[in-house]
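Q: My structure is below; once you've seen it, I'll send some questions.
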Amino acid sequence: MPEISRFFGIVVQMYYNDHEPPHFHVRYSGQKALIAIEPLGIIRGQLSPRALGLVMEWAALHRQELIEDWNLARAEAELKPIAPLE
């Protein structure tokens with residue numbers, strides 16, 4: 001599964017040709033979650049409140065890039081890295 005961003009120990013990835021709705025996968029310190037892109041929210045799993053807040057802040061800043069990567073992943077094309085949260 002391609003990694004599209006990494007920040008503060010949080011790893012953000014997308015699967016190729018994954019199921020709807022558009023989403024991304026997050027791993028952090030043994031925790032895992034699937035996060036919907038529109039509207040932003042947890043589909044499955046859980047993250048600590050701090051990690052979830054960071055992920056949501058990052059995703060809100062990069063929503064268009066996430067949709068672009070989602071479309072690339074559905075087409076099985078190379079995904080573009082997204083800048084980390086600083």
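Note on naming: chains are A, B, ... as they come in the structure tokens, residues start from 1 per chain, ligands start from 1 in the order shown.
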Neighbouring residues of region 12-26 of chain A were defined as those with any atom within 10 Å, considering only C-alpha atoms; residues of the same chain fewer than 6 positions away were excluded. Please report them as a PyMOL selection string.
A: chain A and resi 1-6+32-47+51-52+55+59+66-67+69-79+81-82+84
Q: Could you write out, as a VMD selection string, all the residues of region 18-66 of chain A that DSSP marks as strand (DSSP E)?
A: chain A and resid 23 to 28 31 to 36 41 to 45
Q: Write to file, as a PDB file, in the first residue's frame, the residues of the selection just made, with C-alpha atoms.
A:
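Saved to again-v2.pdb:
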```pdb
ATOM      1  CA  HIS A  23     -10.842   7.362   1.983  1.00  0.00           C
ATOM      2  CA  PHE A  24      -7.299   6.894   3.243  1.00  0.00           C
ATOM      3  CA  HIS A  25      -5.683   4.640   5.818  1.00  0.00           C
ATOM      4  CA  VAL A  26      -3.836   5.916   8.890  1.00  0.00           C
ATOM      5  CA  ARG A  27      -1.435   4.074  11.197  1.00  0.00           C
ATOM      6  CA  TYR A  28      -0.096   5.550  14.402  1.00  0.00           C
ATOM      7  CA  GLN A  31      -3.605   2.237  16.091  1.00  0.00           C
ATOM      8  CA  LYS A  32      -5.320   2.087  12.695  1.00  0.00           C
ATOM      9  CA  ALA A  33      -8.203   3.952  11.100  1.00  0.00           C
ATOM     10  CA  LEU A  34      -9.904   4.487   7.752  1.00  0.00           C
ATOM     11  CA  ILE A  35     -10.765   8.141   7.216  1.00  0.00           C
ATOM     12  CA  ALA A  36     -13.371   9.315   4.704  1.00  0.00           C
ATOM     13  CA  GLY A  41     -14.651  11.366   9.391  1.00  0.00           C
ATOM     14  CA  ILE A  42     -13.677   7.946  10.709  1.00  0.00           C
ATOM     15  CA  ILE A  43     -15.146   5.046   8.761  1.00  0.00           C
ATOM     16  CA  ARG A  44     -13.548   2.314  10.865  1.00  0.00           C
ATOM     17  CA  GLY A  45     -10.931   1.971  13.591  1.00  0.00           C
TER      18      GLY A  45
END
```
Q: Just asking: which residues within chain A are helix (DSSP H, G or I) according to DSSP, as number ranges by chain?
A: A: 49-61, 63-74
Q: Emit the selected residues as a CSV table (one decimal), in the first residue's frame, including C-alpha atoms.
A:
```csv
chain,number,residue,atom,x,y,z
A,49,PRO,CA,-7.7,12.2,20.2
A,50,ARG,CA,-4.4,14.0,19.6
A,51,ALA,CA,-3.6,11.9,16.5
A,52,LEU,CA,-7.1,12.2,15.1
A,53,GLY,CA,-6.9,16.0,15.5
A,54,LEU,CA,-3.6,16.1,13.6
A,55,VAL,CA,-5.0,13.8,10.9
A,56,MET,CA,-8.1,15.9,10.4
A,57,GLU,CA,-6.2,19.1,10.3
A,58,TRP,CA,-3.9,17.7,7.7
A,59,ALA,CA,-6.7,16.2,5.6
A,60,ALA,CA,-8.7,19.5,5.7
A,61,LEU,CA,-5.6,21.3,4.3
A,63,ARG,CA,-8.5,17.5,0.6
A,64,GLN,CA,-8.1,18.2,-3.1
A,65,GLU,CA,-4.8,16.4,-3.2
A,66,LEU,CA,-6.4,13.5,-1.4
A,67,ILE,CA,-9.2,13.3,-4.0
A,68,GLU,CA,-6.6,13.5,-6.8
A,69,ASP,CA,-4.6,10.6,-5.2
A,70,TRP,CA,-7.9,8.6,-4.7
A,71,ASN,CA,-8.6,9.0,-8.4
A,72,LEU,CA,-5.1,7.9,-9.3
A,73,ALA,CA,-5.3,4.9,-7.0
A,74,ARG,CA,-8.6,3.8,-8.6
```
